[in-house]
file input-v4.cif (mmCIF, C-alpha atoms and all ligand atoms)
data_entry
#
loop_
_atom_site.label_atom_id
_atom_site.label_comp_id
_atom_site.auth_asym_id
_atom_site.auth_seq_id
_atom_site.Cartn_x
_atom_site.Cartn_y
_atom_site.Cartn_z
CA MET I 14 143.80 54.97 54.13
CA GLU I 15 143.95 57.62 56.80
CA LYS I 16 144.38 60.20 54.07
CA TYR I 17 141.08 59.17 52.46
CA ILE I 18 139.24 59.28 55.75
CA SER I 19 140.40 62.81 56.41
CA ILE I 20 139.49 63.89 52.86
CA ILE I 21 136.02 62.40 53.25
CA ALA I 22 135.67 64.03 56.67
CA SER I 23 136.61 67.44 55.24
CA LEU I 24 134.16 67.06 52.36
CA LEU I 25 131.40 66.19 54.81
CA ALA I 26 132.32 69.19 56.94
CA ILE I 27 132.25 71.50 53.92
CA GLY I 28 128.92 70.04 52.82
CA PHE I 29 127.49 70.62 56.27
CA ILE I 30 128.70 74.22 56.37
CA VAL I 31 127.21 74.95 52.92
CA TRP I 32 123.90 73.38 53.94
CA TRP I 33 123.86 75.26 57.24
CA PHE I 34 124.46 78.69 55.75
CA PHE I 35 122.73 78.44 52.39
CA GLY I 36 120.25 75.64 52.84
CA LYS I 37 117.70 76.16 55.54
CA ARG I 38 118.41 79.63 56.87
CA GLU I 39 117.09 81.64 53.95
CA ASP I 40 113.78 79.99 53.28
CA ASP I 41 112.23 79.52 56.69
CA ALA I 42 110.14 82.67 56.32
CA LYS I 43 106.59 81.89 57.37
CA LEU I 44 103.68 83.73 55.79
CA ALA I 45 101.07 85.10 58.14
CA GLU I 46 97.52 83.79 57.76
CA ASP I 47 94.53 86.04 57.37
CA VAL I 48 92.27 85.60 60.40
CA GLY I 49 89.28 87.92 60.07
CA GLY I 50 91.29 90.67 58.40
CA VAL I 51 94.22 90.42 60.80
CA GLN I 52 97.29 88.68 59.50
CA THR I 53 98.26 86.27 62.21
CA VAL I 54 101.33 84.19 62.75
CA GLU I 55 102.45 82.02 65.64
CA ILE I 56 106.08 81.98 66.74
CA MET I 57 107.35 79.19 68.98
CA VAL I 58 109.71 80.39 71.68
CA ASP I 59 111.79 77.34 72.50
CA GLY I 60 115.56 77.49 72.39
CA GLY I 61 115.17 80.53 70.15
CA TYR I 62 112.38 81.59 67.81
CA LEU I 63 110.68 79.31 65.31
CA PRO I 64 110.13 80.43 62.64
CA ARG I 65 112.85 83.04 62.91
CA THR I 66 111.46 84.98 59.97
CA VAL I 67 107.83 85.85 59.43
CA GLN I 68 106.46 87.65 56.42
CA LEU I 69 103.69 90.21 56.60
CA LYS I 70 101.86 92.43 54.14
CA ALA I 71 102.29 96.15 54.53
CA GLY I 72 99.21 98.13 55.54
CA VAL I 73 97.32 95.25 57.16
CA PRO I 74 97.11 94.94 60.95
CA ALA I 75 99.11 91.98 62.23
CA LYS I 76 99.14 89.78 65.27
CA LEU I 77 102.29 87.98 66.36
CA VAL I 78 101.46 85.16 68.75
CA PHE I 79 104.49 84.23 70.81
CA ASN I 80 104.11 80.74 72.29
CA ARG I 81 106.73 80.52 75.02
CA GLN I 82 107.71 76.98 75.97
CA ASP I 83 111.29 77.62 77.03
CA PRO I 84 111.79 78.10 80.77
CA SER I 85 115.10 79.94 80.42
CA GLY I 86 114.84 83.49 81.73
CA CYS I 87 116.64 84.65 78.66
CA LEU I 88 113.50 84.32 76.57
CA ASP I 89 111.02 85.81 79.05
CA GLU I 90 110.87 89.10 77.24
CA VAL I 91 110.60 90.01 73.59
CA LEU I 92 111.57 93.34 72.06
CA LEU I 93 110.39 94.82 68.78
CA PRO I 94 112.30 98.08 68.84
CA ASP I 95 111.03 99.29 65.45
CA PHE I 96 107.48 99.13 66.76
CA GLY I 97 108.33 100.45 70.22
CA ILE I 98 107.28 97.19 71.86
CA SER I 99 108.72 95.25 74.76
CA ARG I 100 106.57 92.53 76.25
CA MET I 101 106.94 89.84 78.89
CA LEU I 102 106.11 86.33 77.70
CA PRO I 103 104.68 84.19 80.53
CA LEU I 104 105.91 80.59 80.39
CA GLY I 105 103.50 78.10 78.79
CA GLU I 106 101.27 80.84 77.42
CA LYS I 107 100.57 82.46 74.11
CA THR I 108 101.12 86.19 74.14
CA GLU I 109 99.56 88.19 71.35
CA ILE I 110 101.35 91.27 70.13
CA THR I 111 99.49 93.46 67.70
CA ILE I 112 101.46 95.64 65.33
CA ASN I 113 100.64 97.80 62.37
CA PRO I 114 103.21 97.16 59.67
CA SER I 115 102.63 100.32 57.68
CA ARG I 116 105.78 100.26 55.60
CA ALA I 117 107.84 97.60 53.86
CA GLY I 118 111.15 96.58 55.33
CA GLU I 119 112.89 94.15 57.64
CA PHE I 120 112.37 94.58 61.35
CA LYS I 121 114.33 92.64 63.90
CA TYR I 122 112.92 91.29 67.13
CA THR I 123 115.04 89.97 69.96
CA CYS I 124 114.91 88.55 73.45
CA GLY I 125 115.38 90.95 76.34
CA MET I 126 119.14 90.56 76.30
CA GLN I 127 119.35 90.46 72.51
CA MET I 128 120.94 87.02 72.40
CA PHE I 129 118.19 85.46 70.32
CA SER I 130 116.66 87.22 67.37
CA GLY I 131 114.26 86.85 64.52
CA LYS I 132 112.85 89.15 61.95
CA VAL I 133 109.62 90.43 60.54
CA VAL I 134 109.75 91.01 56.81
CA VAL I 135 107.06 93.40 55.58
CA LYS I 136 106.35 93.45 51.85
CU CU I 201 118.16 86.48 76.06
#

call {"tool": "encode", "arguments": {"input": "input-v4.cif", "output": "structure tokens"}}
result
Amino acid sequence: MEKYISIIASLLAIGFIVWWFFGKREDDAKLAEDVGGVQTVEIMVDGGYLPRTVQLKAGVPAKLVFNRQDPSGCLDEVLLPDFGISRMLPLGEKTEITINPSRAGEFKYTCGMQMFSGKVVVK
């Protein structure tokens, strides 16, 4: 009996690991919406970044709206090194960061201490 329980427990654990790595991580890319010619996307800052991946079109000005709801000091700054941007995010406010994604690629953004990260995919 104990043997079966441990086999079932291992199968559940494997299933969870597969789901965690291959299930949700890849397809949470959020497409930016066109708002008057500016592609706009909101990113929740709460225990990390949600969505972690946003997708933009190359050659169209873009606005990333960081909505910071997490009081931890860790998330009070966001860095977009590829765009030369570092910005403070006041708690409970939406901070708009305008970028010009001129070329395709994947650009990482992180918190000030680089513990949390997300990415901007430009196509
Ligand atoms: Cu941090």

call {"tool": "closest_atom_pairs", "arguments": {"input": "input-v4.cif", "of": "chain I", "to": "ligand CU 201 (chain I)", "cutoff": "6 Å", "atoms": "all atoms listed in the file", "output": "Markdown table"}}
result
| residue | atom | partner | partner_atom | distance |
| --- | --- | --- | --- | --- |
| I:Cys87 | CA | I:CU201 | CU | 3.5 |
| I:Leu88 | CA | I:CU201 | CU | 5.2 |
| I:Cys124 | CA | I:CU201 | CU | 4.7 |
| I:Gly125 | CA | I:CU201 | CU | 5.3 |
| I:Met126 | CA | I:CU201 | CU | 4.2 |
| I:Gln127 | CA | I:CU201 | CU | 5.5 |
| I:Met128 | CA | I:CU201 | CU | 4.6 |
| I:Phe129 | CA | I:CU201 | CU | 5.8 |

call {"tool": "closest_residue", "arguments": {"input": "input-v4.cif", "among": "I:Ala71, I:Met57, I:Val135, I:Leu63", "to": "I:Lys107", "atoms": "all atoms listed in the file"}}
result
I:Met57

call {"tool": "closest_residue", "arguments": {"input": "input-v4.cif", "among": "I:Ser19, I:Gln52, I:Thr66, I:Asn113", "to": "I:Asp95", "atoms": "all atoms listed in the file"}}
result
I:Asn113

call {"tool": "atom_distance", "arguments": {"input": "input-v4.cif", "atom1": "atom CA of I:Gly131", "atom2": "atom CA of I:Tyr62"}}
result
6.5 Å

call {"tool": "atom_distance", "arguments": {"input": "input-v4.cif", "atom1": "atom CA of I:Asp83", "atom2": "atom CA of I:Glu109"}}
result
16.8 Å

call {"tool": "closest_residue", "arguments": {"input": "input-v4.cif", "among": "I:Arg81, I:Lys76, I:Lys132, I:Lys70", "to": "I:Arg116", "atoms": "only C-alpha atoms"}}
result
I:Lys70

call {"tool": "atom_distance", "arguments": {"input": "input-v4.cif", "atom1": "atom CA of I:Ile56", "atom2": "atom CA of I:Gly72"}}
result
20.8 Å

call {"tool": "closest_residue", "arguments": {"input": "input-v4.cif", "among": "I:Gly60, I:Gly97, I:Pro74, I:Gly86", "to": "I:Thr111", "atoms": "all atoms listed in the file"}}
result
I:Pro74

call {"tool": "closest_residue", "arguments": {"input": "input-v4.cif", "among": "I:Ser115, I:Leu44, I:Arg100, I:Thr123", "to": "I:Pro64", "atoms": "all atoms listed in the file"}}
result
I:Leu44

call {"tool": "closest_residue", "arguments": {"input": "input-v4.cif", "among": "I:Lys121, I:Leu24, I:Asp41, I:Glu55", "to": "I:Val78", "atoms": "only C-alpha atoms"}}
result
I:Glu55

call {"tool": "residues_around", "arguments": {"input": "input-v4.cif", "residues": "I:Thr108", "least_positions_apart": "2", "cutoff": "8 Å", "atoms": "all atoms listed in the file", "output": "list in words"}}
result
Val78, Phe79, Asn80, Leu102, Pro103, Glu106 and Ile110 of chain I
